[in-house]
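Input: a single structure, listed below in structure tokens.
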Amino acid sequence: MADEVILLDFWASPFGMRVRITLEEKGVKFEYREQDLMNKSPLLLQMNPVHKKIPVLVHNGKPVCESLIAVQYVDETWKDKAPLLPSDPYQRAQARFWADFVDKKIYDLGRKTWQTKGEEQEGAKKELIECFKLLEKELGDKPYFGGETFGYVDVTLVPFYSWFDVYERSGNFSVEAECPKLMEWANRCLQKESVSKSLVDREKVYGFVLELKKKFGIE
């Protein structure tokens, strides 16, 4: 019996992009179902009654919520192709540490670059750049965070590339100028079909954020 895999998602979500990349990397066929976050579908509420958020991976009718948990689930379920987490327990712990770091920092700081003004915005921008520099240092001279192969931390971080225009234009800085090696890494990831297929155009995301700002009266 073929697996039925459905992804409840929203096109601009960096969290959803993580799951999309992972499914593409593994060669898993899935049905993508776009969700209206202002008017949540009964299916989304049924599949994620706790957080009521996307992305939700539904595998043979069973939901897996939260993007990093879904990425790990896909990695463990389809383990014969393109393993994302290292087999060594210590390296696996390190990968989880950096993925957790990305999860706790990048989205919230990035959001503050366009949702706030003045000192708060400036503070968020500085901290965001510091986080990118820490990640760049962790990357070092390796092609990917896990070494020679594309892995878990890469999947966790690369979707934010789609949001770089938003952060840069709102915060008035350049990721490339601040962290050239991180940009090289992002471009290297984009050469992978699983990534280029799953990431959304940066201009499109910027346009979406401009509409949001108008809607919520953020100048």
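Ordered as shown in the structure tokens, chains take letters A, B, and onward, while each chain numbers its residues from 1 and ligands are numbered from 1 in the order shown.
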Which residues of region 20-59 of chain A have any atom within 12 Å of an atom in region 134-158 of chain A when counting only C-alpha atoms, and what is the closest pair of atoms for each, with the distance in Å to one decimal? Order the rows by chain and rising number and write it as a Markdown table.
```
| residue | atom | partner | partner_atom | distance |
| --- | --- | --- | --- | --- |
| A:Arg20 | CA | A:Val155 | CA | 9.6 |
| A:Ile21 | CA | A:Val155 | CA | 6.9 |
| A:Thr22 | CA | A:Val155 | CA | 7.2 |
| A:Leu23 | CA | A:Val155 | CA | 10.9 |
| A:Glu24 | CA | A:Val155 | CA | 11.3 |
| A:Glu25 | CA | A:Phe150 | CA | 9.5 |
| A:Lys26 | CA | A:Gly151 | CA | 11.7 |
```
Env of Leu45 (chain A): 12 Å cut, atoms = only C-alpha atoms, seq-sep filter 3 positions within chain, self excluded. Answer as a short mmCIF file (atom, residue, chain, number, x, y, z; two decimals) with C-alpha atoms, in the first residue's frame.
```cif
data_model
loop_
_atom_site.label_atom_id
_atom_site.label_comp_id
_atom_site.auth_asym_id
_atom_site.auth_seq_id
_atom_site.Cartn_x
_atom_site.Cartn_y
_atom_site.Cartn_z
CA LEU A 8 -0.89 21.29 5.58
CA GLN A 35 -3.98 26.76 4.43
CA ASP A 36 -5.68 30.10 5.04
CA LEU A 37 -4.20 31.16 8.38
CA ASN A 39 -9.60 31.21 8.44
CA LYS A 40 -8.24 27.87 9.62
CA SER A 41 -9.64 24.76 7.98
CA PRO A 42 -11.48 22.10 10.01
CA ASN A 48 -3.32 20.11 15.28
CA PRO A 49 -5.84 20.86 18.04
CA VAL A 50 -3.13 21.95 20.50
CA HIS A 51 -1.25 24.68 18.58
CA LYS A 52 -3.63 25.10 15.62
CA LYS A 53 -0.58 25.98 13.49
CA ILE A 54 1.04 24.87 10.26
CA PRO A 55 2.97 22.92 9.15
CA VAL A 56 1.27 19.61 9.89
CA PRO A 63 -0.63 13.98 12.20
CA CYS A 65 3.07 18.69 14.27
#
```
Within 12 Å of region 206-211 of chain A: each region 9-126 of chain A residue with its shortest pair, only C-alpha atoms, as a tab-separated table:
```
residue	atom	partner	partner_atom	distance
A:Trp11	CA	A:Phe208	CA	10.5
A:Ala12	CA	A:Phe208	CA	8.3
A:Ser13	CA	A:Phe208	CA	11.3
A:Gly110	CA	A:Val209	CA	11.9
A:Arg111	CA	A:Val209	CA	10.0
A:Thr113	CA	A:Val209	CA	11.4
A:Trp114	CA	A:Val209	CA	8.2
A:Gln115	CA	A:Val209	CA	9.7
```
Smallest atom-to-atom distance to Glu193 (chain A): which of A:Asp88, A:Arg169, A:Tyr73, A:Gly27, using only C-alpha atoms?
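Of the candidates, the smallest distance to Glu193 (chain A) is held by A:Gly27.
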Determine which residues of region 19-181 of chain A DSSP labels as strand (DSSP E or B) from the backbone of this structure, then write them out as a list in words.
Glu31, Tyr32, Arg33, Glu34, Val56, Leu57, Val58, His59, Lys62, Pro63, Val64, Cys65, Tyr144 and Gly147 of chain A
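Residues with any atom within 10 Å of Val200 (chain A), counting only C-alpha atoms and excluding same-chain neighbours fewer than 4 positions away, are A:Trp11, A:Ala12, A:Ser13, A:Pro14, A:Met17, A:Pro159, A:Phe160, A:Tyr161, A:Ser162, A:Trp163, A:Val195, A:Ser196, A:Lys204, A:Val205.
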